[in-house]
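*Asks:* Quick one, start_37.tsv (TSV, C-alpha atoms and all ligand atoms):
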chain	number	residue	atom	x	y	z
A	1	MET	CA	134.03	55.09	120.08
A	2	SER	CA	130.37	54.37	119.49
A	3	ALA	CA	127.31	55.99	121.02
A	4	GLU	CA	127.05	58.57	123.73
A	5	PRO	CA	129.35	58.23	126.72
A	6	LEU	CA	127.67	56.89	129.87
A	7	LEU	CA	129.71	59.23	132.06
A	8	ARG	CA	131.36	62.46	131.08
A	9	GLY	CA	133.48	64.82	133.20
A	10	ARG	CA	134.53	68.20	131.89
A	11	GLY	CA	137.16	70.33	133.62
A	12	LEU	CA	136.45	68.80	137.02
A	13	HIS	CA	138.04	70.43	140.03
A	14	TYR	CA	137.68	69.36	143.64
A	15	ARG	CA	139.11	70.76	146.84
A	16	TYR	CA	138.58	69.42	150.35
A	17	LEU	CA	137.86	72.06	153.00
A	18	ASP	CA	138.29	74.71	150.31
A	19	ARG	CA	142.05	74.21	150.25
A	20	TYR	CA	143.31	70.68	149.66
A	21	VAL	CA	143.28	70.07	145.91
A	22	ALA	CA	142.17	66.57	144.96
A	23	LEU	CA	141.25	67.01	141.27
A	24	ASP	CA	142.55	69.70	138.93
A	25	ASP	CA	140.91	70.14	135.53
A	26	VAL	CA	140.07	66.47	134.98
A	27	SER	CA	138.14	65.60	131.82
A	28	PHE	CA	137.22	62.12	130.62
A	29	GLU	CA	134.48	59.99	129.14
A	30	VAL	CA	133.37	56.48	129.96
A	31	HIS	CA	131.69	54.61	127.13
A	32	PRO	CA	129.28	51.68	127.39
A	33	GLY	CA	131.10	48.39	127.89
A	34	GLU	CA	134.49	49.86	128.74
A	35	PHE	CA	136.72	48.55	131.50
A	36	LEU	CA	138.52	51.69	132.53
A	37	ALA	CA	141.50	51.49	134.88
A	38	LEU	CA	142.04	54.67	136.84
A	39	LEU	CA	145.74	54.66	137.67
A	40	GLY	CA	147.63	57.00	139.96
A	41	ALA	CA	149.85	57.14	143.02
A	42	ASN	CA	148.46	57.52	146.54
A	43	GLY	CA	146.84	60.92	146.90
A	44	SER	CA	146.48	61.57	143.16
A	45	GLY	CA	142.69	61.82	143.41
A	46	LYS	CA	141.37	58.39	142.36
A	47	SER	CA	139.01	57.90	145.32
A	48	THR	CA	137.72	61.45	145.02
A	49	LEU	CA	136.93	60.89	141.35
A	50	LEU	CA	135.10	57.63	142.10
A	51	LYS	CA	133.07	59.32	144.85
A	52	MET	CA	132.19	62.03	142.36
A	53	LEU	CA	131.09	59.44	139.78
A	54	ASP	CA	128.93	57.89	142.51
A	55	GLY	CA	127.31	61.24	143.37
A	56	LEU	CA	128.78	61.32	146.89
A	57	VAL	CA	130.80	64.51	146.33
A	58	PHE	CA	130.19	67.21	143.74
A	59	PRO	CA	132.73	69.15	141.69
A	60	THR	CA	133.95	72.49	143.01
A	61	SER	CA	133.84	73.52	139.35
A	62	GLY	CA	133.43	71.75	136.03
A	63	SER	CA	130.57	69.51	135.00
A	64	LEU	CA	129.65	65.89	135.30
A	65	SER	CA	126.94	64.04	133.44
A	66	ALA	CA	125.72	60.47	133.65
A	67	PHE	CA	123.33	58.79	131.21
A	68	GLY	CA	122.80	62.13	129.51
A	69	GLU	CA	121.73	63.92	132.69
A	70	SER	CA	123.71	66.51	134.59
A	71	ILE	CA	124.80	65.24	138.02
A	72	THR	CA	124.65	68.05	140.55
A	73	GLU	CA	123.74	68.18	144.22
A	74	GLN	CA	120.51	69.86	143.26
A	75	ALA	CA	119.63	67.31	140.57
A	76	LEU	CA	120.20	64.40	142.99
A	77	SER	CA	118.12	66.08	145.71
A	78	ASP	CA	115.09	65.04	143.66
A	79	PRO	CA	114.18	61.60	145.07
A	80	ALA	CA	113.15	60.14	141.71
A	81	ALA	CA	116.34	61.33	139.97
A	82	ASN	CA	118.41	60.10	142.91
A	83	ALA	CA	116.80	56.63	142.84
A	84	ARG	CA	117.28	56.42	139.06
A	85	PHE	CA	120.95	57.35	139.36
A	86	ARG	CA	121.60	54.98	142.31
A	87	SER	CA	120.11	52.03	140.46
A	88	ARG	CA	122.48	52.60	137.53
A	89	VAL	CA	125.81	53.29	139.24
A	90	GLY	CA	127.33	51.45	142.22
A	91	LEU	CA	130.60	52.03	144.07
A	92	VAL	CA	132.45	49.26	145.90
A	93	PHE	CA	134.44	51.16	148.53
A	94	GLN	CA	138.06	50.46	149.30
A	95	ASN	CA	137.19	50.03	152.95
A	96	SER	CA	134.44	47.39	152.97
A	97	GLU	CA	133.67	47.97	156.63
A	98	ALA	CA	132.55	51.52	155.81
A	99	GLN	CA	130.05	50.09	153.32
A	100	LEU	CA	128.37	47.66	155.74
A	101	PHE	CA	126.10	48.98	158.43
A	102	SER	CA	123.43	46.37	159.18
A	103	ALA	CA	123.21	43.78	161.94
A	104	THR	CA	123.40	40.90	159.45
A	105	VAL	CA	124.76	40.28	155.97
A	106	ARG	CA	121.20	39.52	154.79
A	107	GLU	CA	120.03	42.94	155.96
A	108	ASP	CA	122.91	44.67	154.19
A	109	LEU	CA	121.91	42.93	150.96
A	110	ALA	CA	118.20	43.62	151.51
A	111	PHE	CA	118.85	47.35	151.80
A	112	GLY	CA	119.64	47.75	148.09
A	113	CYS	CA	116.64	45.59	147.15
A	114	ARG	CA	114.37	47.92	149.11
A	115	GLN	CA	115.91	50.89	147.31
A	116	LEU	CA	114.83	49.25	144.06
A	117	GLY	CA	111.31	48.70	145.40
A	118	LEU	CA	111.47	44.87	145.29
A	119	ASP	CA	108.90	43.00	147.40
A	120	ALA	CA	109.82	40.40	150.04
A	121	VAL	CA	109.74	37.43	147.65
A	122	GLN	CA	111.78	39.21	144.99
A	123	THR	CA	114.22	40.39	147.67
A	124	ASP	CA	114.77	36.83	148.93
A	125	GLN	CA	115.32	35.64	145.38
A	126	ARG	CA	117.78	38.39	144.57
A	127	ILE	CA	119.70	37.86	147.81
A	128	GLY	CA	119.87	34.11	147.08
A	129	GLN	CA	121.28	34.69	143.58
A	130	ILE	CA	123.90	37.20	144.70
A	131	ALA	CA	124.91	35.15	147.74
A	132	GLU	CA	125.44	32.11	145.53
A	133	MET	CA	127.46	34.08	143.01
A	134	LEU	CA	129.68	35.51	145.75
A	135	GLN	CA	129.83	32.28	147.75
A	136	ILE	CA	128.52	33.97	150.89
A	137	GLU	CA	125.42	31.85	151.59
A	138	PRO	CA	126.86	30.55	154.90
A	139	LEU	CA	127.43	34.15	156.02
A	140	LEU	CA	123.92	35.53	155.47
A	141	ASP	CA	122.91	35.51	159.14
A	142	ARG	CA	126.30	36.63	160.46
A	143	ALA	CA	127.23	40.12	161.60
A	144	PRO	CA	129.35	41.89	158.95
A	145	VAL	CA	131.59	43.42	161.63
A	146	HIS	CA	132.73	39.95	162.71
A	147	LEU	CA	133.75	38.76	159.25
A	148	SER	CA	137.27	38.64	157.82
A	149	GLY	CA	138.45	41.35	155.43
A	150	GLY	CA	138.02	39.08	152.41
A	151	GLN	CA	134.50	38.08	153.50
A	152	GLN	CA	133.59	41.72	154.08
A	153	ARG	CA	134.83	42.55	150.58
A	154	ARG	CA	132.46	39.93	149.13
A	155	VAL	CA	129.52	41.22	151.16
A	156	ALA	CA	130.26	44.86	150.24
A	157	LEU	CA	130.35	43.82	146.59
A	158	GLY	CA	127.06	41.96	147.12
A	159	SER	CA	125.42	45.05	148.59
A	160	VAL	CA	126.19	46.81	145.30
A	161	LEU	CA	125.44	43.90	142.93
A	162	VAL	CA	121.93	43.33	144.34
A	163	MET	CA	120.98	46.58	142.62
A	164	SER	CA	122.40	45.29	139.34
A	165	PRO	CA	123.88	48.64	138.30
A	166	GLN	CA	124.99	49.13	134.72
A	167	VAL	CA	128.15	50.94	135.82
A	168	LEU	CA	130.34	49.42	138.55
A	169	LEU	CA	132.97	51.55	140.26
A	170	PHE	CA	135.68	49.81	142.33
A	171	ASP	CA	138.17	51.54	144.61
A	172	GLU	CA	141.39	49.50	144.83
A	173	PRO	CA	139.52	46.19	144.82
A	174	THR	CA	142.55	43.92	145.21
A	175	ALA	CA	144.37	45.97	147.85
A	176	GLY	CA	144.88	43.99	151.05
A	177	LEU	CA	143.38	40.72	149.78
A	178	ASP	CA	145.13	37.36	149.98
A	179	PRO	CA	146.20	35.87	146.62
A	180	ARG	CA	143.30	33.43	146.32
A	181	THR	CA	140.61	36.03	147.07
A	182	SER	CA	142.36	38.47	144.79
A	183	ALA	CA	142.41	35.96	141.90
A	184	TRP	CA	138.74	35.13	142.54
A	185	LEU	CA	137.83	38.82	142.46
A	186	LEU	CA	139.76	39.42	139.23
A	187	ALA	CA	137.89	36.55	137.59
A	188	LEU	CA	134.57	37.91	138.86
A	189	MET	CA	135.33	41.41	137.57
A	190	GLY	CA	136.20	39.88	134.20
A	191	ASP	CA	132.88	37.99	134.20
A	192	LEU	CA	130.88	41.10	135.14
A	193	HIS	CA	132.55	43.00	132.30
A	194	ALA	CA	131.97	40.15	129.85
A	195	ALA	CA	128.30	40.16	130.89
A	196	GLY	CA	128.04	43.77	129.74
A	197	ARG	CA	128.77	45.88	132.82
A	198	THR	CA	130.78	49.04	132.36
A	199	MET	CA	133.64	49.06	134.85
A	200	VAL	CA	135.73	51.88	136.32
A	201	VAL	CA	138.44	50.57	138.63
A	202	ALA	CA	140.90	52.68	140.62
A	203	THR	CA	144.03	50.65	141.21
A	204	HIS	CA	147.79	50.46	141.49
A	205	ASP	CA	147.56	46.87	140.37
A	206	LEU	CA	149.32	46.80	137.01
A	207	ASP	CA	148.59	43.07	136.63
A	208	LEU	CA	144.84	43.70	137.01
A	209	THR	CA	145.15	46.56	134.52
A	210	MET	CA	146.98	44.49	131.93
A	211	ARG	CA	144.59	41.55	132.25
A	212	LEU	CA	141.25	43.33	132.41
A	213	ALA	CA	141.31	46.97	131.35
A	214	THR	CA	140.32	48.13	127.89
A	215	ARG	CA	141.59	51.66	128.54
A	216	CYS	CA	143.54	53.55	131.23
A	217	ILE	CA	143.48	57.04	132.63
A	218	VAL	CA	146.55	58.08	134.60
A	219	LEU	CA	146.25	60.76	137.28
A	220	ASP	CA	149.50	62.39	138.31
A	221	GLU	CA	150.55	63.82	141.65
A	222	ARG	CA	149.31	67.26	140.59
A	223	HIS	CA	145.82	65.67	140.40
A	224	ARG	CA	145.64	66.10	136.63
A	225	VAL	CA	145.19	63.60	133.80
A	226	ALA	CA	148.73	62.69	132.73
A	227	ALA	CA	147.75	60.24	130.00
A	228	THR	CA	145.02	58.05	128.59
A	229	GLY	CA	145.55	55.02	126.39
A	230	THR	CA	145.32	51.29	126.11
A	231	PRO	CA	146.97	49.23	128.86
A	232	THR	CA	149.77	48.30	126.46
A	233	GLU	CA	150.43	51.94	125.56
A	234	VAL	CA	150.32	53.20	129.12
A	235	LEU	CA	152.16	50.33	130.81
A	236	SER	CA	154.99	50.33	128.28
A	237	ASP	CA	155.68	54.03	128.91
A	238	THR	CA	158.11	53.72	131.80
A	239	GLU	CA	158.84	57.43	131.81
A	240	LEU	CA	155.15	58.18	132.30
A	241	LEU	CA	154.79	55.49	134.98
A	242	ALA	CA	157.80	56.80	136.89
A	243	GLU	CA	156.61	60.40	136.53
A	244	ALA	CA	153.17	59.41	137.90
A	245	ASN	CA	154.87	57.45	140.70
A	246	LEU	CA	153.38	54.14	139.59
A	247	ILE	CA	156.77	52.48	139.37
A	248	ALA	CA	159.86	53.31	141.36
A	249	THR	CA	163.04	54.28	139.58
A	250	LEU	CA	166.19	53.65	141.54
A	301	LIG	N1	138.72	64.12	153.73
A	301	LIG	C1	139.76	64.77	153.23
A	301	LIG	N2	140.18	65.96	153.75
A	301	LIG	C2	141.22	66.64	153.22
A	301	LIG	N3	141.94	66.20	152.18
A	301	LIG	C3	141.60	65.02	151.64
A	301	LIG	C4	140.50	64.24	152.13
A	301	LIG	N4	140.41	63.12	151.38
A	301	LIG	C5	141.40	63.19	150.46
A	301	LIG	N5	142.11	64.33	150.62
A	301	LIG	C6	143.25	64.77	149.79
A	301	LIG	O1	142.85	64.81	148.43
A	301	LIG	C7	143.87	64.29	147.59
A	301	LIG	C8	143.32	63.13	146.77
A	301	LIG	O2	142.97	62.07	147.66
A	301	LIG	P1	142.31	60.71	147.17
A	301	LIG	O3	141.20	61.04	146.23
A	301	LIG	O4	141.99	59.93	148.38
A	301	LIG	O5	143.51	60.06	146.34
A	301	LIG	P2	143.82	58.53	145.99
A	301	LIG	O6	142.55	57.75	146.11
A	301	LIG	O7	144.37	58.57	144.61
A	301	LIG	O8	144.84	58.06	146.98
A	301	LIG	C9	145.03	63.91	148.51
A	301	LIG	O9	145.96	64.94	148.49
A	301	LIG	C10	144.38	63.77	149.86
A	301	LIG	O10	145.30	64.12	150.88
A	302	MG	MG	142.13	56.11	147.22
Take the structure from the file and write it as structure tokens.
*Replies:*
Amino acid sequence: MSAEPLLRGRGLHYRYLDRYVALDDVSFEVHPGEFLALLGANGSGKSTLLKMLDGLVFPTSGSLSAFGESITEQALSDPAANARFRSRVGLVFQNSEAQLFSATVREDLAFGCRQLGLDAVQTDQRIGQIAEMLQIEPLLDRAPVHLSGGQQRRVALGSVLVMSPQVLLFDEPTAGLDPRTSAWLLALMGDLHAAGRTMVVATHDLDLTMRLATRCIVLDERHRVAATGTPTEVLSDTELLAEANLIATL
């Protein structure tokens, strides 16, 4: 692989409340331009790892770096370092409702623009572009809480895309979406990747993985990395998939 990795985890451990293990000695690298599928059964630690990559939780032990800088609670307590990091990495939550907190869709999109320091004219322009791309123009003055799940997913994605981060993290993006919205989102993720974004996507969706991923990391139920490889390598290993509880064996 070329160049320095954008993200690098070394021996990452995480426990909730000091006792519930979520990650156990997880090491990985994410290189520029990759589309990495993070595969694993429920409870294997995918969401925890994405939150860690987004600087929302910090490893109990081990080290994480992004763009050559060490990501620690202390490092991100510096406002300039925090703003720099937040403009380069964005996480689309599994639960879109948890990502939306403003009275209107427009306000939710404007929030990220303010974080970037855009002025009112630039903010309007950016919101217009993103709303068009996500087909949410008619929703801009609506309250996010009153939208459908699929609409909320688009708005949550918009709230991340307005900041134009180089690395996009998605937590089970197709879970709970109807087939048309799911197909639309897959196409959009493919376009974002083709346009140069680095993608890390936690999913059980083996179809998404086969169609879009350039590489996979499999977390097992002991919260460890069970395998890494190309989608073809990983998805053809039925023993591995059964062991990691990604397919059921009868
Ligand atoms: N807030 C929490 N408090 C205690 N344990 C948690 C919490 N969130 C997750 N866990 C535990 O951490 C482990 C990993 O969870 P998670 O990262 O959500 O996995 P996944 O996204 O793969 O389903 C699971 O065993 C889960 O029960
Ligand atoms: Mg999860």
*Asks:* Could the residues that lie within 8 Å of ligand LIG 301 (chain A), counting all atoms listed in the file, be listed as a list in words?
*Replies:*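 Protein and nucleic-acid residues within 8 Å of ligand LIG 301 (chain A): Arg15, Tyr16, Leu17, Tyr20, Val21, Ala22, Leu23, Gly40, Ala41, Asn42, Gly43, Ser44, Gly45, Lys46, Ser47, Thr48, Leu49, Asp171, Ala202, Leu219 and His223 of chain A.
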*Asks:* Grab the atom CA of Pro138 of chain A to atom CA of Ala156 of chain A distance for me, in Å with one decimal place.
*Replies:*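 Computed distance, atom CA of Pro138 of chain A to atom CA of Ala156 of chain A, equals 15.4 Å.
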*Asks:* Neighbouring residues of Phe35 of chain A were defined as those with any atom within 12 Å, considering all atoms listed in the file; residues of the same chain fewer than 3 positions away were excluded. Please report them as number ranges by chain.
*Replies:* A: 29-32, 38, 167-170, 189-202, 208-217, 230-231
*Asks:* I need the residues from that last selection saved to file as a CSV table (one decimal), in the frame of the given file (with C-alpha atoms), if you can.
*Replies:*
chain,number,residue,atom,x,y,z
A,29,GLU,CA,134.5,60.0,129.1
A,30,VAL,CA,133.4,56.5,130.0
A,31,HIS,CA,131.7,54.6,127.1
A,32,PRO,CA,129.3,51.7,127.4
A,38,LEU,CA,142.0,54.7,136.8
A,167,VAL,CA,128.2,50.9,135.8
A,168,LEU,CA,130.3,49.4,138.6
A,169,LEU,CA,133.0,51.6,140.3
A,170,PHE,CA,135.7,49.8,142.3
A,189,MET,CA,135.3,41.4,137.6
A,190,GLY,CA,136.2,39.9,134.2
A,191,ASP,CA,132.9,38.0,134.2
A,192,LEU,CA,130.9,41.1,135.1
A,193,HIS,CA,132.6,43.0,132.3
A,194,ALA,CA,132.0,40.2,129.8
A,195,ALA,CA,128.3,40.2,130.9
A,196,GLY,CA,128.0,43.8,129.7
A,197,ARG,CA,128.8,45.9,132.8
A,198,THR,CA,130.8,49.0,132.4
A,199,MET,CA,133.6,49.1,134.8
A,200,VAL,CA,135.7,51.9,136.3
A,201,VAL,CA,138.4,50.6,138.6
A,202,ALA,CA,140.9,52.7,140.6
A,208,LEU,CA,144.8,43.7,137.0
A,209,THR,CA,145.2,46.6,134.5
A,210,MET,CA,147.0,44.5,131.9
A,211,ARG,CA,144.6,41.6,132.2
A,212,LEU,CA,141.2,43.3,132.4
A,213,ALA,CA,141.3,47.0,131.4
A,214,THR,CA,140.3,48.1,127.9
A,215,ARG,CA,141.6,51.7,128.5
A,216,CYS,CA,143.5,53.6,131.2
A,217,ILE,CA,143.5,57.0,132.6
A,230,THR,CA,145.3,51.3,126.1
A,231,PRO,CA,147.0,49.2,128.9
*Asks:* Quick check, in Å to one decimal: how far apart do atom CA of Asp207 of chain A and atom CA of Asn245 of chain A lie?
*Replies:* 16.2 Å
*Asks:* Write out as a tab-separated table a residue-level contact list of segment 138-228 of chain A versus segment 110-119 of chain A with cut-off 8 Å: for each qualifying residue the closest pair of atoms and the distance in Å to one decimal, counting only C-alpha atoms, rows sorted by chain and residue number upward.
*Replies:*
residue	atom	partner	partner_atom	distance
A:Ser159	CA	A:Gly112	CA	6.4
A:Val160	CA	A:Gly112	CA	7.2
A:Val162	CA	A:Gly112	CA	6.2
A:Met163	CA	A:Gly112	CA	5.8
*Asks:* For atom CA of Ile127 of chain A and atom CA of Val89 of chain A, determine how far apart the two atoms are, in Å to one decimal place.
*Replies:* 18.7 Å
*Asks:* Between A:Ala75, A:Leu140, A:Ala175, A:Leu157, which one has atoms that come closest to ligand MG 302 (chain A), using all atoms listed in the file?
*Replies:*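 Under the stated criterion, the closest residue is A:Ala175.
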*Asks:* Excluding same-chain residues fewer than 4 positions from Trp184 of chain A, what lies within 12 Å of it counting only C-alpha atoms, as a PyMOL selection string?
*Replies:* chain A and resi 133-135+150+153-154+173-174+177-180+188-191+208
*Asks:* Neighbours of segment 76-82 of chain A within 12 Å (all atoms listed in the file; same-chain residues fewer than 4 positions away dropped), as a VMD selection string?
*Replies:* chain A and resid 54 to 58 65 to 67 69 to 72 86 to 89 115 to 116
